[in-house]
Amino acid sequence: MRGMQKDRTVLIAVSLTAVFAVLSGLAWFLTRDSPEDAPRSLPSAWPTAGAEPIRPVPLPTGEMAAALPFGTAGQVLCNAVPVETWARVLAGPVLREAANGICHVVTADLDVTASTYDRAPVDGGQPAGITVAGHRGTLGESPVGPAVLTVRLADTGERWAAPELQLRIVSLTRVRTERDFRGMAEELGTAMVGAITSPGPSLPSEAERQHPPELTPIAGTGIADAAYPLIMRQLCTQLARALELPLAEVQPDWPCTCAHKAGEAEIKLSYDPDSTTKYFGDRFAGRPADVSDSGGVIEVQLVDGSAQTLVVKVYDLDRTMPGIRDLAGKVVPPLLGR
């Protein structure tokens with residue numbers, strides 16, 4: 001199921017990026033023969049439909065940028081470059097948003113997207129090898145724009161990982177003067193990659209995937225906007241502590257569920273990066289929640305304005321496990337970073 005979700009989210013991200021690119025290419029096509037481009041301004045409606053405004057998020061370190069949930073990736077990539085740097089490099093005021101895993105930045109005449117993928121969706125034309133903040137990559141041209149930068153963040157084949165960072169710049173108007181679009185892409189990419197790959201943890205080994213090591217709660221954020229390995233470590237740590245079990249007796253189900261089964265009873269803690277729950281009519285641990293005592297499920301919204309949730313499930317017809325509220329009372333606060 002998680003693999004299918006990964007495929008779906010990649011397709012969403014690719015499709016959305018394609019839409020940005022096609023629209024940008026169409027704008028250029030329609031204006032390329034105009035004797036003079038009409039002055040353009042920033043969009044008046046922002047963020048666009050279905051997108052999130054940029055909010056503060058913790059930046060990953062080490063190889064964790066290659067293992068971000070898709071909803072978090074767009075926020076991280078936009079935050080990795082200070083807004084002043086976006087404006088300086090792109091030579092004008094900017095608007096930023098996160099849409100389905102994509103960092104989307106516009107000026108009056110440029111459209112920039114950055115996202116991470118399991119494999120790069122578009123190869124740049126005339127690619128040249130390049131090193132970006134210590135990581136290998138290529139810099140070329142996209143089919144509808146003057147610059148596309150692709151950078152390999154980590155060497156991994158995990159289905160839940162997205163180690164390919166791609167940044168694209170598209171001009172919305174006819175280019176009348178020489179502009180160094182490749183230089184823009186390289187400067188933005190260097191700032192972005194440098195900010196999200198500072199020294200830190202590597203992606204987990206096979207042994208760590210089988211038995212995630214203990215991790216105390218991340219103060220202030222918990223599992224929200226964290227990379228999958230850090231989410232999994234916190235889920236398993238808190239489940240084992242709540243049940244008073246050795247860490248080796250809870251089972252990880254990558255990328256973001258930890259469970260314990262005893263006979264016919266089962267308890268699961270899960271992180272959902274894209275919950276479809278639209279209404280949270282309850283409160284739990286001070287956060288909006290959807291509580292079903294009879295169903296043995298509590299879903300807690302982790303961040304205002306975000307689809308990220310923590311789901312606590314207890315299936316226990318014989319009542320050999322803690323009740324749902326008792327369990328959630330133990331695990332939810334630390335997984336919120338408290």
# chains A, B, ... in the order shown; residues from 1 in each chain; ligands from 1

call {"tool": "closest_atom_pairs", "arguments": {"of": "stretch 218-285 of chain A", "to": "stretch 188-203 of chain A", "cutoff": "10 Å", "atoms": "only C-alpha atoms", "output": "JSON lines"}}
result
{"residue": "A:Ala227", "atom": "CA", "partner": "A:Leu203", "partner_atom": "CA", "distance": 9.8}
{"residue": "A:Tyr228", "atom": "CA", "partner": "A:Leu203", "partner_atom": "CA", "distance": 9.5}
{"residue": "A:Pro229", "atom": "CA", "partner": "A:Leu203", "partner_atom": "CA", "distance": 7.2}
{"residue": "A:Leu230", "atom": "CA", "partner": "A:Pro201", "partner_atom": "CA", "distance": 9.7}

call {"tool": "residues_around", "arguments": {"residues": "A:Ala120", "least_positions_apart": "5", "cutoff": "8 Å", "atoms": "only C-alpha atoms", "output": "list in words"}}
result
Thr150, Glu164, Leu165 and Gln166 of chain A

call {"tool": "residues_around", "arguments": {"residues": "A:Asp253", "least_positions_apart": "6", "cutoff": "10 Å", "atoms": "only C-alpha atoms", "output": "ChimeraX atom specification"}}
result
/A:2,209-210,232,259,268,270

call {"tool": "atom_distance", "arguments": {"atom1": "atom CA of A:Gln308", "atom2": "atom CA of A:Phe70"}}
result
10.5 Å

call {"tool": "closest_residue", "arguments": {"among": "A:Leu139, A:Ala240, A:Val132, A:Val297", "to": "A:Tyr315", "atoms": "only C-alpha atoms"}}
result
A:Val297

call {"tool": "residues_around", "arguments": {"residues": "stretch 318-329 of chain A", "least_positions_apart": "4", "cutoff": "7 Å", "atoms": "only C-alpha atoms", "output": "PyMOL selection string"}}
result
chain A and resi 242+293+296-297+312+314

call {"tool": "closest_atom_pairs", "arguments": {"of": "stretch 266-311 of chain A", "to": "stretch 95-108 of chain A", "cutoff": "12 Å", "atoms": "only C-alpha atoms", "output": "CSV"}}
result
residue,atom,partner,partner_atom,distance
A:Pro273,CA,A:Gly101,CA,10.6
A:Asp274,CA,A:Asn100,CA,9.5
A:Gly305,CA,A:Ala98,CA,11.7
A:Ser306,CA,A:Ala98,CA,10.6
A:Ala307,CA,A:Asn100,CA,10.7

call {"tool": "write_last_selection", "arguments": {"atoms": "N, CA and C atoms", "output": "compact mmCIF listing (two decimals), in the first residue's frame"}}
result
# COMPACT_ATOMS: atom_id res chain seq x y z
N PRO A 273 1.15 11.22 5.54
CA PRO A 273 1.57 12.51 4.99
C PRO A 273 0.47 13.23 4.22
N ASP A 274 -0.60 12.51 3.90
CA ASP A 274 -1.63 13.08 3.02
C ASP A 274 -3.00 12.57 3.44
N GLY A 305 -3.12 23.62 8.72
CA GLY A 305 -2.99 23.87 7.29
C GLY A 305 -2.24 22.80 6.52
N SER A 306 -1.94 21.67 7.16
CA SER A 306 -1.22 20.59 6.51
C SER A 306 -2.01 19.30 6.64
N ALA A 307 -1.85 18.41 5.66
CA ALA A 307 -2.57 17.13 5.67
C ALA A 307 -1.87 16.06 6.50

call {"tool": "closest_residue", "arguments": {"among": "A:Ala114, A:Val300, A:Pro204, A:Thr48", "to": "A:Ala80", "atoms": "only C-alpha atoms"}}
result
A:Ala114

call {"tool": "residues_around", "arguments": {"residues": "A:Leu90", "least_positions_apart": "4", "cutoff": "12 Å", "atoms": "only C-alpha atoms", "output": "CSV table (one decimal) with N, CA and C atoms, in the first residue's frame"}}
result
chain,number,residue,atom,x,y,z
A,83,VAL,N,14.3,33.8,1.4
A,83,VAL,CA,13.5,34.6,0.4
A,83,VAL,C,14.3,35.7,-0.2
A,84,GLU,N,15.2,36.3,0.6
A,84,GLU,CA,16.1,37.4,0.0
A,84,GLU,C,17.0,36.8,-1.1
A,85,THR,N,17.4,35.6,-0.9
A,85,THR,CA,18.3,35.0,-2.0
A,85,THR,C,17.5,34.7,-3.2
A,86,TRP,N,16.3,34.1,-3.0
A,86,TRP,CA,15.4,33.9,-4.2
A,86,TRP,C,15.2,35.2,-5.0
A,94,VAL,N,9.4,37.9,-5.2
A,94,VAL,CA,9.0,36.5,-5.5
A,94,VAL,C,7.8,36.2,-4.6
A,95,LEU,N,7.1,35.2,-5.1
A,95,LEU,CA,6.0,34.5,-4.3
A,95,LEU,C,6.4,33.0,-4.3
A,105,VAL,N,8.1,28.8,-7.1
A,105,VAL,CA,8.5,30.2,-6.9
A,105,VAL,C,8.3,30.9,-8.2
A,106,VAL,N,7.6,32.1,-8.1
A,106,VAL,CA,7.5,32.9,-9.3
A,106,VAL,C,7.9,34.3,-9.0
A,107,THR,N,8.4,34.9,-10.1
A,107,THR,CA,8.5,36.4,-10.2
A,107,THR,C,7.6,36.9,-11.3
A,108,ALA,N,7.6,38.1,-11.6
A,108,ALA,CA,6.7,38.6,-12.7
A,108,ALA,C,7.0,37.9,-14.0
A,109,ASP,N,8.2,37.4,-14.2
A,109,ASP,CA,8.5,36.8,-15.6
A,109,ASP,C,9.2,35.5,-15.5
A,110,LEU,N,9.4,34.9,-14.3
A,110,LEU,CA,10.0,33.6,-14.2
A,110,LEU,C,9.2,32.6,-13.4
A,111,ASP,N,9.2,31.4,-13.7
A,111,ASP,CA,8.6,30.3,-13.0
A,111,ASP,C,9.6,29.3,-12.6
A,112,VAL,N,9.8,29.0,-11.3
A,112,VAL,CA,10.8,28.1,-10.8
A,112,VAL,C,10.1,26.9,-10.0
A,169,ILE,N,14.0,26.3,-14.2
A,169,ILE,CA,13.7,27.7,-14.4
A,169,ILE,C,13.0,27.8,-15.8
A,170,VAL,N,11.9,28.5,-15.8
A,170,VAL,CA,11.2,28.7,-17.1
A,170,VAL,C,10.9,30.2,-17.2
A,171,SER,N,11.1,30.8,-18.4
A,171,SER,CA,10.8,32.2,-18.6
A,171,SER,C,9.4,32.3,-19.1
A,179,ARG,N,20.4,36.6,-20.3
A,179,ARG,CA,20.2,36.3,-18.9
A,179,ARG,C,20.9,35.0,-18.6
A,180,ASP,N,21.6,34.9,-17.6
A,180,ASP,CA,22.4,33.7,-17.2
A,180,ASP,C,21.5,32.7,-16.4
A,181,PHE,N,20.5,32.1,-17.1
A,181,PHE,CA,19.6,31.2,-16.4
A,181,PHE,C,20.3,30.0,-15.8
A,182,ARG,N,21.3,29.5,-16.5
A,182,ARG,CA,22.1,28.3,-15.9
A,182,ARG,C,22.8,28.8,-14.6
A,183,GLY,N,23.3,30.0,-14.7
A,183,GLY,CA,24.0,30.5,-13.5
A,183,GLY,C,23.0,30.7,-12.3
A,184,MET,N,21.8,31.1,-12.7
A,184,MET,CA,20.7,31.2,-11.6
A,184,MET,C,20.5,29.9,-11.0
A,185,ALA,N,20.3,28.9,-11.9
A,185,ALA,CA,20.0,27.5,-11.4
A,185,ALA,C,21.1,27.0,-10.5
A,186,GLU,N,22.3,27.2,-11.0
A,186,GLU,CA,23.5,26.7,-10.2
A,186,GLU,C,23.5,27.4,-8.8
A,187,GLU,N,23.3,28.7,-8.8
A,187,GLU,CA,23.4,29.4,-7.5
A,187,GLU,C,22.3,29.0,-6.6
A,188,LEU,N,21.1,28.9,-7.1
A,188,LEU,CA,20.0,28.5,-6.2
A,188,LEU,C,20.2,27.0,-5.8

call {"tool": "closest_residue", "arguments": {"among": "A:Pro93, A:Pro121, A:Pro334, A:Pro47", "to": "A:Arg241", "atoms": "only C-alpha atoms"}}
result
A:Pro334

call {"tool": "closest_residue", "arguments": {"among": "A:Val57, A:Leu336, A:Ile130, A:Ala87", "to": "A:Ala219", "atoms": "only C-alpha atoms"}}
result
A:Leu336

call {"tool": "closest_residue", "arguments": {"among": "A:Leu247, A:Glu158, A:Gly222, A:Asn79", "to": "A:Ser205", "atoms": "only C-alpha atoms"}}
result
A:Glu158

call {"tool": "closest_residue", "arguments": {"among": "A:Gly50, A:Gly281, A:Pro217, A:Gly92", "to": "A:Gly71", "atoms": "only C-alpha atoms"}}
result
A:Gly50
